[in-house]
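Engineer: Structure in structure tokens, see below.
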Amino acid sequence: MKHTQSRVRRPASSGPEKRSRSSGAVAARTGIGDRWQAWIDHHRHVARESLHRFLATPMASAMTALVIAIALALPAALQLGLANFQRAVAGWDGQPQISVFLHKDARAAVVESFATKLRGDPAIAEVTYISSEEALAEFEQASGLGDLLVGLDANPLPAVLLLRPRDTGNSEKMQALVENLRDHALSDSVVLDLAWVQRLTQLTELGQRLSAGLALLLALGVILVVVNTIRLHIESRREEILVVKLVGGTNAFVRRPFLYSGLCYGAFGGLLAWCLLLGAVLLLSGPISSLSSSYGSSYTLAGPGISYFTGLIGGAALLGLLGAWLAASRHLRAIEPS
Amino acid sequence: MITFDNVNKRYASGQDALVRISLEIPRGDMVFLTGHSGAGKSTLLRLLTAIERPTKGSILVAGQNLNRLRNSQIPYYRRNLGIVFQNHQLLFDRSVFDNIALPLAVAGCSKREVGRRVRAALDKVGLLQKEKENPITLSGGEQQRVGIARAVVNKPAILVADEPTGNLDPQLSQEIMQLFRDFNAVGVTVLVASHDLELIARMRRRVLTLQAGQLIYDGVPSREAHPV
């Protein structure tokens with residue numbers, strides 16, 4: 001017994017403890033300020049610990065982060081490609097133009113008066129007359145097929161009136177104008193040079209939707225990857241969760257480290273995705289600028305800038321957080337002391 | 001401090017683990033709970049620690065009715081209890097210090113306060129010099145004392161121990177019991193479940209004996225004729 005007392009000090013003999021105990025056993029209370037500070041400290045501690053855990057198993061963590069990165073890089077690359085495509089076509093003249101092909105046997109004087117009348121029309125901004133001779137000359141020059149035309153005994157090209165409508169935004173008005181022109185006795189056929197512009201916008205729209213759909217689908221994939229990873233984390237820390245619950249840990253307390261882990265996976269995945277994107281752009285920018293310079297353009301590929309950097313990392317971190325939250329709320333409930 | 005009023009516990013299997021248990025443990029008492037395995041000791045402790053809820057009857061702890069405790073309130077209720085387990089439930093991925101600090105971290109104690117209290121608890125169980133070690137390197141008796149330090153670090157009003165000397169030799173068991181007695185001496189209500197009748201008899205404290213889920217003895221046994 002003496003041996004015991006030499007090793008085990010009785011609490012009754014420890015001065016200040018005794019005084020605080022004099023009124024009997026009372027559960028210890030902690031002040032609000034202290035709690036707030038402790039809460040912040042705990043967050044900081046848990047964040048650090050989660051990062052340590054993430055880095056402690058570099059291979060496994062990198063694999064998960066890479067899966068997330070690939071899933072995010074795909075829609076991001078599509079988006080970046082679209083943005084670049086739009087930038088590339090922005091230089092082109094997207095103004096719609098109406099070509100009125102005139103009857104071959106129309107007399108010059110009548111055509112002239114028709115052109116004058118059109119110039120007076122408030123719906124038309126500009127009228128350019130290209131005679132069949134001018135058209136032929138232009139064709140010879142542009143196509144380099146002048147020799148071919150030598151064999152023809154007559155000029156096959158009609159005269160053209162090129163019109164620039166004023167109100168290009170209103171497609172109904174434009175369509176009405178076209179109908180009007182088509183009804184005119186002089187016009188052989190009328191072509192509204194709008195289709196390709198429309199097609200281009202439609203194509204871009206299609207691309208946007210595709211990339212949005214893909215992003216949605218792959219975001220779901222990212223969440224599932226994180227859910228599964230965090231589920232394994234929770235399983236491997238079962239003992240600890242049980243003990244923490246027995247000593248009065250709230251669900252939020254138990255959940256916290258896993259949320260930070262999810263955040264870690266997401267953020268690293270986002271960072272890797274951005275790096276993948278940057279790598280792809282660097283890989284492609286050489287061939288693309290030489291291609292565009294062969295067309296006489298100084299176009300260069302725009303890389304994923306700071307907006308992609310923050311967007312990818314922030315978005316991925318949020319997805320990671322969401323996945324971890326789902327995993328934690330689903331699996332932590334199942335771990336209760338028994 | 002602890003009141004069981006007509007408490008029944010029937011498991012889903014239809015087995016009655018506790019039958020009409022009524023008992024009263026006043027503040028500052030030290031009580032032993034004994035009985036054969038399967039008699040209902042563990043069930044009683046599980047009800048007391050809000051791991052399970054009674055099928056019938058009510059349990060009052062420090063004026064709080066456990067039946068009315070919402071699931072979200074259970075953690076806060078448990079912070080008023082110190083729980084000592086037979087198999088210590090220590091975490092081997094962290095130091096002795098961090099194991100003992102766990103209830104304080106959970107309760108949101110400041111770092112300074114944590115250091116002070118953990119060392120005070122370690123001092124009480126005589127392991128002050130082992131705070132940096134991993135509990136896996138400690139002996140069974142030392143591990144149990146770390147478990148006790150963790151149970152008392154938050155200065156709980158009630159200390160509950162489930163077979164705390166189950167795996168220890170008589171000498172170490174005696175030391176552990178002495179620790180419980182010391183905590184009781186400063187006002188902590190102590191409830192120890194144990195089947196070590198020899199040891200219990202020597203303590204000369206109130207004993208509750210369970211048999212087949214029923215309370216068959218409640219009193220202070222004499223050395224000569226202790227129950228069962």
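Within each chain, counting starts at residue 1; across the structure tokens, chains are named A, B, ... in the order shown, with ligands numbered 1 upward in that order.
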Identify all chain B residues at most 6 Å from chain A by counting only C-alpha atoms; ligands do not count. Present them as a list in words.
Structural biologist: Pro75, Tyr76, Arg78, Arg79, Asn80, Pro103, Val106, Gly108, Cys109, Ser110, Lys124, Val125, Gly126, Lys155, Pro156, Ala157, Glu175, Asp182, Gly187 and Val188 of chain B
Engineer: Ser329 in chain A: which residues within 10 Å, counting only C-alpha atoms, same-chain residues fewer than 4 positions away excluded, as an NGL selection string?
Structural biologist: :A and (251-252 or 255 or 324-325 or 333-334)
Engineer: Just the selected residues (N, CA and C atoms), exported as a CSV table (one decimal), in the first residue's frame, please.
Structural biologist:
```
chain,number,residue,atom,x,y,z
A,251,ASN,N,-21.4,15.7,-33.1
A,251,ASN,CA,-21.3,15.3,-34.5
A,251,ASN,C,-20.4,16.2,-35.3
A,252,ALA,N,-20.6,17.5,-35.1
A,252,ALA,CA,-19.8,18.5,-35.8
A,252,ALA,C,-18.3,18.3,-35.5
A,255,ARG,N,-17.1,15.2,-37.3
A,255,ARG,CA,-17.2,15.4,-38.8
A,255,ARG,C,-16.0,16.3,-39.3
A,324,ALA,N,-17.4,15.2,-48.9
A,324,ALA,CA,-17.0,14.8,-47.5
A,324,ALA,C,-18.2,14.9,-46.6
A,325,TRP,N,-19.0,16.0,-46.8
A,325,TRP,CA,-20.2,16.2,-46.0
A,325,TRP,C,-21.2,15.0,-46.1
A,333,ARG,N,-23.1,8.4,-38.7
A,333,ARG,CA,-24.2,8.1,-37.9
A,333,ARG,C,-24.2,6.6,-37.5
A,334,ALA,N,-23.6,5.8,-38.4
A,334,ALA,CA,-23.6,4.3,-38.2
A,334,ALA,C,-22.6,4.0,-37.1
```
Engineer: Write out as a PyMOL selection string which residues come within 8 Å of Leu23 in chain B when counting only C-alpha atoms, dropping same-chain ones fewer than 4 positions away.
Structural biologist: chain B and resi 2-5
Engineer: To one decimal place, how far is CA of Asn167 in chain B from CA of Ile136 in chain B in Å?
Structural biologist: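 These atoms are spaced 15.4 Å apart.
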Engineer: Counting only C-alpha atoms, which of A:Leu55, A:Leu200, A:Val46, A:Leu102 gets nearest to Ala159 in chain A?
Structural biologist: A:Leu102
Engineer: Near range 292-296 of chain A, within 12 Å and counting only C-alpha atoms, which residues show up once chain neighbours fewer than 6 positions away are dropped, as number ranges by chain?
Structural biologist: A: 88, 285-286
Engineer: Take the selection from the previous step and output its residues with N, CA and C atoms, as a short mmCIF file (atom, residue, chain, number, x, y, z; two decimals), in the first residue's frame.
Structural biologist:
```cif
data_model
loop_
_atom_site.label_atom_id
_atom_site.label_comp_id
_atom_site.auth_asym_id
_atom_site.auth_seq_id
_atom_site.Cartn_x
_atom_site.Cartn_y
_atom_site.Cartn_z
N ALA A 88 -10.98 33.57 -81.74
CA ALA A 88 -10.43 33.45 -83.09
C ALA A 88 -11.40 33.97 -84.14
N SER A 285 0.12 25.39 -78.09
CA SER A 285 0.27 26.78 -78.52
C SER A 285 1.28 26.92 -79.66
N GLY A 286 2.33 26.10 -79.68
CA GLY A 286 3.34 26.16 -80.76
C GLY A 286 2.71 25.87 -82.10
#
```
